[in-house]
Structures are given as C-alpha cells and as structure tokens.
$ cat query20.cif   # mmCIF, N, CA and C atoms
data_my_file
loop_
_atom_site.label_atom_id
_atom_site.label_comp_id
_atom_site.auth_asym_id
_atom_site.auth_seq_id
_atom_site.Cartn_x
_atom_site.Cartn_y
_atom_site.Cartn_z
N MET A 170 121.45 -110.51 39.58
CA MET A 170 121.67 -111.17 40.86
C MET A 170 121.67 -110.14 41.99
N ALA A 171 121.13 -110.52 43.13
CA ALA A 171 121.05 -109.63 44.28
C ALA A 171 122.07 -110.04 45.33
N GLY A 172 122.50 -109.08 46.13
CA GLY A 172 123.40 -109.38 47.23
C GLY A 172 124.86 -109.25 46.85
N ARG A 173 125.71 -109.35 47.86
CA ARG A 173 127.14 -109.25 47.65
C ARG A 173 127.69 -110.55 47.08
N LYS A 174 128.75 -110.43 46.32
CA LYS A 174 129.40 -111.60 45.76
C LYS A 174 130.15 -112.34 46.86
N VAL A 175 130.09 -113.65 46.83
CA VAL A 175 130.83 -114.51 47.75
C VAL A 175 131.94 -115.17 46.96
N THR A 176 133.16 -115.09 47.48
CA THR A 176 134.30 -115.72 46.84
C THR A 176 134.90 -116.74 47.80
N VAL A 177 135.14 -117.95 47.32
CA VAL A 177 135.71 -119.00 48.16
C VAL A 177 136.94 -119.55 47.47
N GLY A 178 138.01 -119.67 48.22
CA GLY A 178 139.25 -120.20 47.66
C GLY A 178 139.92 -121.16 48.61
N ILE A 179 140.70 -122.05 48.05
CA ILE A 179 141.48 -122.99 48.85
C ILE A 179 142.94 -122.78 48.51
N ASP A 180 143.73 -122.53 49.54
CA ASP A 180 145.19 -122.42 49.40
C ASP A 180 145.75 -123.82 49.62
N LEU A 181 146.33 -124.39 48.60
CA LEU A 181 146.79 -125.78 48.70
C LEU A 181 147.91 -125.95 49.72
N ALA A 182 148.51 -124.84 50.21
CA ALA A 182 149.52 -124.93 51.25
C ALA A 182 148.89 -124.90 52.65
N SER A 183 147.60 -124.62 52.72
CA SER A 183 146.89 -124.57 54.00
C SER A 183 146.52 -125.98 54.44
N PRO A 184 145.96 -126.10 55.66
CA PRO A 184 145.49 -127.42 56.09
C PRO A 184 144.53 -128.00 55.05
N PRO A 185 144.50 -129.32 54.95
CA PRO A 185 143.63 -129.94 53.94
C PRO A 185 142.18 -129.45 54.08
N TYR A 186 141.61 -129.08 52.97
CA TYR A 186 140.20 -128.71 52.84
C TYR A 186 139.82 -127.37 53.46
N ALA A 187 140.73 -126.66 54.09
CA ALA A 187 140.42 -125.36 54.65
C ALA A 187 140.16 -124.38 53.51
N ALA A 188 139.02 -123.72 53.55
CA ALA A 188 138.64 -122.76 52.51
C ALA A 188 138.46 -121.38 53.13
N THR A 189 138.93 -120.38 52.43
CA THR A 189 138.75 -119.00 52.86
C THR A 189 137.57 -118.43 52.11
N ILE A 190 136.68 -117.78 52.85
CA ILE A 190 135.46 -117.23 52.28
C ILE A 190 135.50 -115.72 52.46
N ALA A 191 135.26 -114.99 51.38
CA ALA A 191 135.19 -113.53 51.43
C ALA A 191 133.78 -113.10 51.03
N VAL A 192 133.15 -112.31 51.91
CA VAL A 192 131.84 -111.75 51.64
C VAL A 192 131.96 -110.27 51.96
N GLY A 193 132.07 -109.44 50.92
CA GLY A 193 132.30 -108.03 51.17
C GLY A 193 133.55 -107.88 52.02
N PRO A 194 133.48 -107.15 53.13
CA PRO A 194 134.65 -106.96 53.98
C PRO A 194 134.90 -108.11 54.97
N HIS A 195 134.04 -109.12 54.95
CA HIS A 195 134.12 -110.19 55.94
C HIS A 195 134.95 -111.36 55.44
N GLN A 196 135.82 -111.86 56.31
CA GLN A 196 136.63 -113.03 56.01
C GLN A 196 136.19 -114.17 56.91
N LEU A 197 135.82 -115.29 56.33
CA LEU A 197 135.34 -116.45 57.07
C LEU A 197 136.16 -117.66 56.66
N ARG A 198 135.95 -118.78 57.34
CA ARG A 198 136.70 -119.99 57.02
C ARG A 198 135.76 -121.19 57.11
N ALA A 199 135.94 -122.10 56.20
CA ALA A 199 135.24 -123.39 56.23
C ALA A 199 136.28 -124.49 56.18
N ASP A 200 135.97 -125.61 56.74
CA ASP A 200 136.88 -126.76 56.75
C ASP A 200 136.05 -128.00 57.03
N GLU A 201 136.67 -129.12 56.92
CA GLU A 201 136.03 -130.38 57.29
C GLU A 201 136.54 -130.80 58.66
N PRO A 202 135.75 -131.56 59.41
CA PRO A 202 136.23 -132.04 60.70
C PRO A 202 137.43 -132.99 60.52
N VAL A 203 138.19 -133.17 61.57
CA VAL A 203 139.37 -134.03 61.54
C VAL A 203 139.01 -135.43 61.06
N GLU A 204 137.89 -135.96 61.54
CA GLU A 204 137.51 -137.33 61.16
C GLU A 204 137.18 -137.46 59.67
N ALA A 205 136.98 -136.34 58.98
CA ALA A 205 136.72 -136.36 57.54
C ALA A 205 137.98 -135.96 56.76
N GLY A 206 139.12 -135.84 57.45
CA GLY A 206 140.37 -135.51 56.78
C GLY A 206 140.73 -134.05 56.79
N GLY A 207 139.91 -133.22 57.41
CA GLY A 207 140.19 -131.79 57.47
C GLY A 207 140.95 -131.41 58.73
N GLY A 208 141.12 -130.12 58.91
CA GLY A 208 141.81 -129.62 60.09
C GLY A 208 140.87 -129.02 61.13
N ASP A 209 139.57 -129.01 60.85
CA ASP A 209 138.55 -128.45 61.74
C ASP A 209 138.88 -127.01 62.13
N THR A 210 139.32 -126.22 61.14
CA THR A 210 139.66 -124.81 61.39
C THR A 210 138.47 -123.88 61.19
N GLY A 211 137.33 -124.45 60.87
CA GLY A 211 136.10 -123.68 60.70
C GLY A 211 134.94 -124.63 60.51
N PRO A 212 133.73 -124.11 60.50
CA PRO A 212 132.57 -124.98 60.28
C PRO A 212 132.65 -125.65 58.91
N ALA A 213 132.09 -126.85 58.83
CA ALA A 213 132.00 -127.57 57.56
C ALA A 213 130.96 -126.88 56.67
N PRO A 214 131.06 -127.05 55.35
CA PRO A 214 130.09 -126.40 54.46
C PRO A 214 128.63 -126.66 54.82
N LYS A 215 128.28 -127.88 55.20
CA LYS A 215 126.89 -128.16 55.60
C LYS A 215 126.51 -127.36 56.85
N GLU A 216 127.48 -127.15 57.74
CA GLU A 216 127.22 -126.36 58.94
C GLU A 216 127.01 -124.89 58.59
N TRP A 217 127.74 -124.40 57.59
CA TRP A 217 127.51 -123.03 57.13
C TRP A 217 126.10 -122.90 56.55
N LEU A 218 125.65 -123.93 55.83
CA LEU A 218 124.30 -123.90 55.27
C LEU A 218 123.26 -123.82 56.39
N LEU A 219 123.43 -124.66 57.42
CA LEU A 219 122.52 -124.61 58.55
C LEU A 219 122.59 -123.26 59.25
N SER A 220 123.80 -122.72 59.36
CA SER A 220 123.99 -121.40 60.00
C SER A 220 123.23 -120.32 59.24
N ALA A 221 123.27 -120.37 57.91
CA ALA A 221 122.56 -119.39 57.10
C ALA A 221 121.06 -119.47 57.35
N LEU A 222 120.54 -120.69 57.40
CA LEU A 222 119.11 -120.86 57.65
C LEU A 222 118.75 -120.39 59.05
N GLY A 223 119.55 -120.74 60.04
CA GLY A 223 119.28 -120.33 61.42
C GLY A 223 119.35 -118.83 61.61
N ALA A 224 120.37 -118.20 61.00
CA ALA A 224 120.50 -116.75 61.11
C ALA A 224 119.33 -116.04 60.45
N CYS A 225 118.96 -116.49 59.27
CA CYS A 225 117.85 -115.87 58.55
C CYS A 225 116.54 -116.05 59.32
N THR A 226 116.34 -117.25 59.85
CA THR A 226 115.13 -117.53 60.63
C THR A 226 115.03 -116.61 61.83
N SER A 227 116.12 -116.50 62.59
CA SER A 227 116.08 -115.70 63.82
C SER A 227 115.94 -114.21 63.51
N ILE A 228 116.64 -113.73 62.49
CA ILE A 228 116.55 -112.31 62.15
C ILE A 228 115.15 -111.95 61.64
N THR A 229 114.63 -112.76 60.74
CA THR A 229 113.30 -112.49 60.17
C THR A 229 112.22 -112.53 61.25
N THR A 230 112.31 -113.52 62.13
CA THR A 230 111.33 -113.67 63.20
C THR A 230 111.40 -112.50 64.17
N ARG A 231 112.61 -112.10 64.53
CA ARG A 231 112.77 -110.97 65.45
C ARG A 231 112.24 -109.68 64.82
N MET A 232 112.57 -109.44 63.55
CA MET A 232 112.11 -108.23 62.88
C MET A 232 110.58 -108.16 62.91
N TYR A 233 109.93 -109.29 62.64
CA TYR A 233 108.47 -109.31 62.61
C TYR A 233 107.90 -109.01 64.01
N ALA A 234 108.45 -109.69 65.03
CA ALA A 234 107.96 -109.48 66.40
C ALA A 234 108.15 -108.03 66.83
N GLU A 235 109.28 -107.43 66.46
CA GLU A 235 109.52 -106.02 66.81
C GLU A 235 108.53 -105.10 66.12
N ARG A 236 108.27 -105.34 64.83
CA ARG A 236 107.30 -104.51 64.10
C ARG A 236 105.92 -104.59 64.72
N LYS A 237 105.56 -105.77 65.23
CA LYS A 237 104.25 -105.96 65.85
C LYS A 237 104.21 -105.48 67.30
N GLY A 238 105.38 -105.20 67.87
CA GLY A 238 105.43 -104.77 69.26
C GLY A 238 105.19 -105.92 70.24
N TRP A 239 105.47 -107.14 69.80
CA TRP A 239 105.24 -108.31 70.65
C TRP A 239 106.37 -108.47 71.67
N ALA A 240 106.04 -109.07 72.79
CA ALA A 240 106.98 -109.22 73.91
C ALA A 240 107.85 -110.46 73.75
N LEU A 241 108.64 -110.48 72.70
CA LEU A 241 109.57 -111.58 72.47
C LEU A 241 110.79 -111.36 73.36
N LYS A 242 111.04 -112.29 74.26
CA LYS A 242 112.13 -112.15 75.23
C LYS A 242 113.43 -112.77 74.69
N SER A 243 113.32 -113.96 74.12
CA SER A 243 114.51 -114.60 73.53
C SER A 243 114.08 -115.53 72.41
N LEU A 244 115.00 -115.77 71.52
CA LEU A 244 114.76 -116.63 70.36
C LEU A 244 116.04 -117.37 70.05
N ARG A 245 115.96 -118.67 69.96
CA ARG A 245 117.11 -119.49 69.61
C ARG A 245 116.66 -120.51 68.58
N VAL A 246 117.48 -120.73 67.57
CA VAL A 246 117.16 -121.68 66.51
C VAL A 246 118.21 -122.78 66.55
N GLU A 247 117.74 -124.01 66.65
CA GLU A 247 118.61 -125.19 66.67
C GLU A 247 118.38 -125.96 65.38
N LEU A 248 119.46 -126.37 64.72
CA LEU A 248 119.33 -127.05 63.43
C LEU A 248 120.20 -128.30 63.38
N GLU A 249 119.68 -129.33 62.72
CA GLU A 249 120.44 -130.54 62.46
C GLU A 249 120.17 -130.98 61.03
N TYR A 250 121.18 -131.59 60.43
CA TYR A 250 121.12 -132.03 59.05
C TYR A 250 121.21 -133.55 59.02
N GLY A 251 120.42 -134.17 58.17
CA GLY A 251 120.50 -135.62 58.04
C GLY A 251 120.02 -136.09 56.69
N GLU A 252 120.31 -137.33 56.41
CA GLU A 252 119.86 -137.96 55.16
C GLU A 252 118.47 -138.53 55.40
N GLY A 253 117.57 -138.30 54.48
CA GLY A 253 116.20 -138.79 54.61
C GLY A 253 115.89 -139.89 53.62
N GLY A 254 116.92 -140.57 53.14
CA GLY A 254 116.74 -141.59 52.13
C GLY A 254 117.42 -141.16 50.85
N PRO A 255 117.37 -142.00 49.83
CA PRO A 255 118.05 -141.68 48.57
C PRO A 255 117.57 -140.34 47.97
N GLY A 256 118.52 -139.43 47.77
CA GLY A 256 118.21 -138.15 47.16
C GLY A 256 117.37 -137.22 48.02
N ARG A 257 117.27 -137.49 49.29
CA ARG A 257 116.42 -136.69 50.18
C ARG A 257 117.23 -136.20 51.37
N THR A 258 117.14 -134.92 51.63
CA THR A 258 117.81 -134.30 52.78
C THR A 258 116.76 -133.81 53.75
N VAL A 259 117.03 -133.98 55.04
CA VAL A 259 116.12 -133.50 56.07
C VAL A 259 116.90 -132.54 56.96
N ILE A 260 116.38 -131.33 57.11
CA ILE A 260 116.93 -130.36 58.06
C ILE A 260 115.87 -130.18 59.14
N VAL A 261 116.24 -130.55 60.36
CA VAL A 261 115.34 -130.38 61.48
C VAL A 261 115.66 -129.03 62.12
N ARG A 262 114.66 -128.16 62.20
CA ARG A 262 114.83 -126.82 62.76
C ARG A 262 113.88 -126.68 63.94
N LYS A 263 114.44 -126.31 65.09
CA LYS A 263 113.64 -126.11 66.29
C LYS A 263 113.75 -124.65 66.72
N LEU A 264 112.60 -124.00 66.87
CA LEU A 264 112.56 -122.61 67.34
C LEU A 264 112.23 -122.61 68.82
N HIS A 265 113.13 -122.08 69.60
CA HIS A 265 112.92 -121.93 71.03
C HIS A 265 112.55 -120.45 71.26
N ILE A 266 111.29 -120.21 71.53
CA ILE A 266 110.77 -118.85 71.66
C ILE A 266 110.32 -118.63 73.10
N GLU A 267 110.79 -117.54 73.69
CA GLU A 267 110.35 -117.16 75.03
C GLU A 267 109.79 -115.75 75.00
N GLY A 268 108.81 -115.53 75.79
CA GLY A 268 108.21 -114.21 75.89
C GLY A 268 106.74 -114.32 76.25
N ASP A 269 106.12 -113.21 76.52
CA ASP A 269 104.71 -113.17 76.87
C ASP A 269 103.90 -113.16 75.57
N LEU A 270 103.79 -114.34 74.97
CA LEU A 270 103.11 -114.49 73.68
C LEU A 270 101.99 -115.50 73.81
N ASP A 271 100.86 -115.22 73.16
CA ASP A 271 99.77 -116.21 73.19
C ASP A 271 99.99 -117.23 72.07
N ALA A 272 99.12 -118.23 72.03
CA ALA A 272 99.27 -119.32 71.05
C ALA A 272 99.19 -118.80 69.62
N ALA A 273 98.32 -117.85 69.35
CA ALA A 273 98.19 -117.30 68.00
C ALA A 273 99.46 -116.56 67.57
N GLN A 274 100.07 -115.82 68.50
CA GLN A 274 101.31 -115.11 68.18
C GLN A 274 102.45 -116.11 67.92
N ARG A 275 102.52 -117.15 68.74
CA ARG A 275 103.56 -118.18 68.55
C ARG A 275 103.39 -118.87 67.19
N GLU A 276 102.15 -119.17 66.84
CA GLU A 276 101.89 -119.82 65.55
C GLU A 276 102.26 -118.88 64.40
N ARG A 277 101.98 -117.60 64.54
CA ARG A 277 102.33 -116.62 63.51
C ARG A 277 103.85 -116.52 63.36
N LEU A 278 104.59 -116.58 64.47
CA LEU A 278 106.05 -116.54 64.39
C LEU A 278 106.59 -117.77 63.67
N LEU A 279 105.94 -118.90 63.84
CA LEU A 279 106.33 -120.10 63.09
C LEU A 279 106.10 -119.89 61.59
N GLN A 280 104.98 -119.30 61.23
CA GLN A 280 104.70 -119.00 59.82
C GLN A 280 105.75 -118.05 59.26
N ILE A 281 106.13 -117.04 60.04
CA ILE A 281 107.13 -116.07 59.60
C ILE A 281 108.48 -116.76 59.43
N ALA A 282 108.84 -117.64 60.36
CA ALA A 282 110.10 -118.39 60.26
C ALA A 282 110.14 -119.17 58.95
N ASN A 283 109.02 -119.76 58.57
CA ASN A 283 108.96 -120.53 57.33
C ASN A 283 108.95 -119.66 56.08
N ALA A 284 108.82 -118.36 56.27
CA ALA A 284 108.82 -117.43 55.14
C ALA A 284 110.14 -116.67 55.02
N CYS A 285 111.13 -117.01 55.84
CA CYS A 285 112.40 -116.27 55.75
C CYS A 285 113.04 -116.56 54.38
N PRO A 286 113.81 -115.61 53.85
CA PRO A 286 114.37 -115.77 52.51
C PRO A 286 115.20 -117.03 52.29
N VAL A 287 116.01 -117.43 53.25
CA VAL A 287 116.84 -118.64 53.05
C VAL A 287 115.96 -119.89 53.04
N HIS A 288 114.93 -119.93 53.88
CA HIS A 288 113.99 -121.05 53.86
C HIS A 288 113.32 -121.15 52.50
N LYS A 289 112.91 -120.00 51.95
CA LYS A 289 112.30 -119.99 50.62
C LYS A 289 113.25 -120.52 49.56
N ILE A 290 114.53 -120.13 49.65
CA ILE A 290 115.52 -120.61 48.69
C ILE A 290 115.66 -122.13 48.79
N LEU A 291 115.81 -122.62 50.01
CA LEU A 291 116.06 -124.05 50.21
C LEU A 291 114.87 -124.93 49.89
N THR A 292 113.66 -124.39 49.99
CA THR A 292 112.48 -125.19 49.70
C THR A 292 111.94 -124.96 48.29
N GLY A 293 112.56 -124.04 47.57
CA GLY A 293 112.14 -123.76 46.20
C GLY A 293 112.99 -124.53 45.20
N THR A 294 112.76 -124.26 43.95
CA THR A 294 113.58 -124.85 42.89
C THR A 294 114.88 -124.07 42.80
N ILE A 295 115.98 -124.78 42.83
CA ILE A 295 117.29 -124.15 42.80
C ILE A 295 118.01 -124.56 41.51
N GLU A 296 118.54 -123.60 40.83
CA GLU A 296 119.39 -123.85 39.67
C GLU A 296 120.77 -123.32 39.99
N ILE A 297 121.81 -124.05 39.63
CA ILE A 297 123.18 -123.62 39.89
C ILE A 297 123.98 -123.75 38.59
N PRO A 298 123.83 -122.79 37.68
CA PRO A 298 124.66 -122.81 36.48
C PRO A 298 126.12 -122.62 36.89
N THR A 299 127.00 -123.46 36.43
CA THR A 299 128.41 -123.40 36.81
C THR A 299 129.26 -123.24 35.55
N GLU A 300 130.15 -122.25 35.60
CA GLU A 300 131.03 -121.98 34.47
C GLU A 300 132.47 -122.29 34.87
N LEU A 301 133.20 -122.86 33.96
CA LEU A 301 134.62 -123.11 34.17
C LEU A 301 135.38 -121.98 33.50
N THR A 302 136.20 -121.25 34.27
CA THR A 302 136.95 -120.13 33.68
C THR A 302 138.43 -120.38 33.77
#
$ encode --input "query20.cif" --output "structure tokens"
Amino acid sequence: MAGRKVTVGIDLASPPYAATIAVGPHQLRADEPVEAGGGDTGPAPKEWLLSALGACTSITTRMYAERKGWALKSLRVELEYGEGGPGRTVIVRKLHIEGDLDAAQRERLLQIANACPVHKILTGTIEIPTELT
C-alpha cells in the first residue's frame, strides 16, 4: 500500500457522529450536519470525498500548467454530489480556469484534471477488503 495510514475514531462521549481523523501529523474532524443528527463540527464524509477530488484536481492541474510554463492565473474546482438513480452516484465537477490560455491549452487542462490520481481511483474498480480486529 502507498501513502500514509489514515486512522479514524469516534469518541462516544463526543457530539453524535463526530469522528477524529489522523493522517500523519494532521488532525481533522468529520461529522454529520445537524439535520442528519450530527453536531456539524466538521465536513460530512461525502464532503471529505469531494474535497479529496477537488484538491487532487487543482493540485494536478496546477502542477501541469507550471511545468508547461502556461499563464494560469487562477483555478477553482466546484463539486456537488448527488444520486443518479439506483446504485448510481453522480459527482458534478466544475473547473473555473482563468489565465491567458488558448482553447487547446484549456482542453488539455481538462484532460489533466480527469487524470488526477483521486479521479482515477473513483472511476476505476475499487475493492475494500475489511477486517474485524
């Protein structure tokens, strides 16, 4: 396995559904919104998933533009999650790109965004072996 280990725990004395996430030296929090019974003390798990895709998209796209020396002025990724029917999930991702870029460069940045590692994970076959310890 590649990458740092992620550990997630729930303290049953904490607000309902609040989870503490440890990634290396980083401490994060996930929770459910109040309307779902949580305390809204952090993004919901689905929001963390969207955040991972957005962060990977923006970082990968920026790295590529920098390597090419392209005049990328700003980049923002907007994401929404929805149900697309039984057993189907739809993530709408919008790339807002500004800079002195021609149509071919913009199209190439879209291709690069679709090749970011998290996008590849989410669009590929995923296996999640789970062990009870």
$ residues_around --input "query20.cif" --residues "stretch 192-196 of chain A" --least-positions-apart "6" --cutoff "8 Å" --atoms "all atoms listed in the file" --output "count of residues only"
5
$ atom_distance --input "query20.cif" --atom1 "atom N of A:Ile295" --atom2 "atom CA of A:Gly178"
24.2 Å
$ residues_near_point --input "query20.cif" --point "(113.7, -120.1, 58.6)" --cutoff "12 Å" --atoms "only C-alpha atoms" --output "PyMOL selection string"
chain A and resi 218-231+245-248+260-264+278-292
$ write_last_selection --input "query20.cif" --atoms "N, CA and C atoms" --output "compact mmCIF listing (two decimals), keeping the file's coordinate frame"
# COMPACT_ATOMS: atom_id res chain seq x y z
N LEU A 218 125.65 -123.93 55.83
CA LEU A 218 124.30 -123.90 55.27
C LEU A 218 123.26 -123.82 56.39
N LEU A 219 123.43 -124.66 57.42
CA LEU A 219 122.52 -124.61 58.55
C LEU A 219 122.59 -123.26 59.25
N SER A 220 123.80 -122.72 59.36
CA SER A 220 123.99 -121.40 60.00
C SER A 220 123.23 -120.32 59.24
N ALA A 221 123.27 -120.37 57.91
CA ALA A 221 122.56 -119.39 57.10
C ALA A 221 121.06 -119.47 57.35
N LEU A 222 120.54 -120.69 57.40
CA LEU A 222 119.11 -120.86 57.65
C LEU A 222 118.75 -120.39 59.05
N GLY A 223 119.55 -120.74 60.04
CA GLY A 223 119.28 -120.33 61.42
C GLY A 223 119.35 -118.83 61.61
N ALA A 224 120.37 -118.20 61.00
CA ALA A 224 120.50 -116.75 61.11
C ALA A 224 119.33 -116.04 60.45
N CYS A 225 118.96 -116.49 59.27
CA CYS A 225 117.85 -115.87 58.55
C CYS A 225 116.54 -116.05 59.32
N THR A 226 116.34 -117.25 59.85
CA THR A 226 115.13 -117.53 60.63
C THR A 226 115.03 -116.61 61.83
N SER A 227 116.12 -116.50 62.59
CA SER A 227 116.08 -115.70 63.82
C SER A 227 115.94 -114.21 63.51
N ILE A 228 116.64 -113.73 62.49
CA ILE A 228 116.55 -112.31 62.15
C ILE A 228 115.15 -111.95 61.64
N THR A 229 114.63 -112.76 60.74
CA THR A 229 113.30 -112.49 60.17
C THR A 229 112.22 -112.53 61.25
N THR A 230 112.31 -113.52 62.13
CA THR A 230 111.33 -113.67 63.20
C THR A 230 111.40 -112.50 64.17
N ARG A 231 112.61 -112.10 64.53
CA ARG A 231 112.77 -110.97 65.45
C ARG A 231 112.24 -109.68 64.82
N ARG A 245 115.96 -118.67 69.96
CA ARG A 245 117.11 -119.49 69.61
C ARG A 245 116.66 -120.51 68.58
N VAL A 246 117.48 -120.73 67.57
CA VAL A 246 117.16 -121.68 66.51
C VAL A 246 118.21 -122.78 66.55
N GLU A 247 117.74 -124.01 66.65
CA GLU A 247 118.61 -125.19 66.67
C GLU A 247 118.38 -125.96 65.38
N LEU A 248 119.46 -126.37 64.72
CA LEU A 248 119.33 -127.05 63.43
C LEU A 248 120.20 -128.30 63.38
N ILE A 260 116.38 -131.33 57.11
CA ILE A 260 116.93 -130.36 58.06
C ILE A 260 115.87 -130.18 59.14
N VAL A 261 116.24 -130.55 60.36
CA VAL A 261 115.34 -130.38 61.48
C VAL A 261 115.66 -129.03 62.12
N ARG A 262 114.66 -128.16 62.20
CA ARG A 262 114.83 -126.82 62.76
C ARG A 262 113.88 -126.68 63.94
N LYS A 263 114.44 -126.31 65.09
CA LYS A 263 113.64 -126.11 66.29
C LYS A 263 113.75 -124.65 66.72
N LEU A 264 112.60 -124.00 66.87
CA LEU A 264 112.56 -122.61 67.34
C LEU A 264 112.23 -122.61 68.82
N LEU A 278 104.59 -116.58 64.47
CA LEU A 278 106.05 -116.54 64.39
C LEU A 278 106.59 -117.77 63.67
N LEU A 279 105.94 -118.90 63.84
CA LEU A 279 106.33 -120.10 63.09
C LEU A 279 106.10 -119.89 61.59
N GLN A 280 104.98 -119.30 61.23
CA GLN A 280 104.70 -119.00 59.82
C GLN A 280 105.75 -118.05 59.26
N ILE A 281 106.13 -117.04 60.04
CA ILE A 281 107.13 -116.07 59.60
C ILE A 281 108.48 -116.76 59.43
N ALA A 282 108.84 -117.64 60.36
CA ALA A 282 110.10 -118.39 60.26
C ALA A 282 110.14 -119.17 58.95
N ASN A 283 109.02 -119.76 58.57
CA ASN A 283 108.96 -120.53 57.33
C ASN A 283 108.95 -119.66 56.08
N ALA A 284 108.82 -118.36 56.27
CA ALA A 284 108.82 -117.43 55.14
C ALA A 284 110.14 -116.67 55.02
N CYS A 285 111.13 -117.01 55.84
CA CYS A 285 112.40 -116.27 55.75
C CYS A 285 113.04 -116.56 54.38
N PRO A 286 113.81 -115.61 53.85
CA PRO A 286 114.37 -115.77 52.51
C PRO A 286 115.20 -117.03 52.29
N VAL A 287 116.01 -117.43 53.25
CA VAL A 287 116.84 -118.64 53.05
C VAL A 287 115.96 -119.89 53.04
N HIS A 288 114.93 -119.93 53.88
CA HIS A 288 113.99 -121.05 53.86
C HIS A 288 113.32 -121.15 52.50
N LYS A 289 112.91 -120.00 51.95
CA LYS A 289 112.30 -119.99 50.62
C LYS A 289 113.25 -120.52 49.56
N ILE A 290 114.53 -120.13 49.65
CA ILE A 290 115.52 -120.61 48.69
C ILE A 290 115.66 -122.13 48.79
N LEU A 291 115.81 -122.62 50.01
CA LEU A 291 116.06 -124.05 50.21
C LEU A 291 114.87 -124.93 49.89
N THR A 292 113.66 -124.39 49.99
CA THR A 292 112.48 -125.19 49.70
C THR A 292 111.94 -124.96 48.29
$ atom_distance --input "query20.cif" --atom1 "atom C of A:Ile266" --atom2 "atom N of A:Met232"
13.4 Å
$ atom_distance --input "query20.cif" --atom1 "atom N of A:Gly206" --atom2 "atom CA of A:Ile190"
19.7 Å
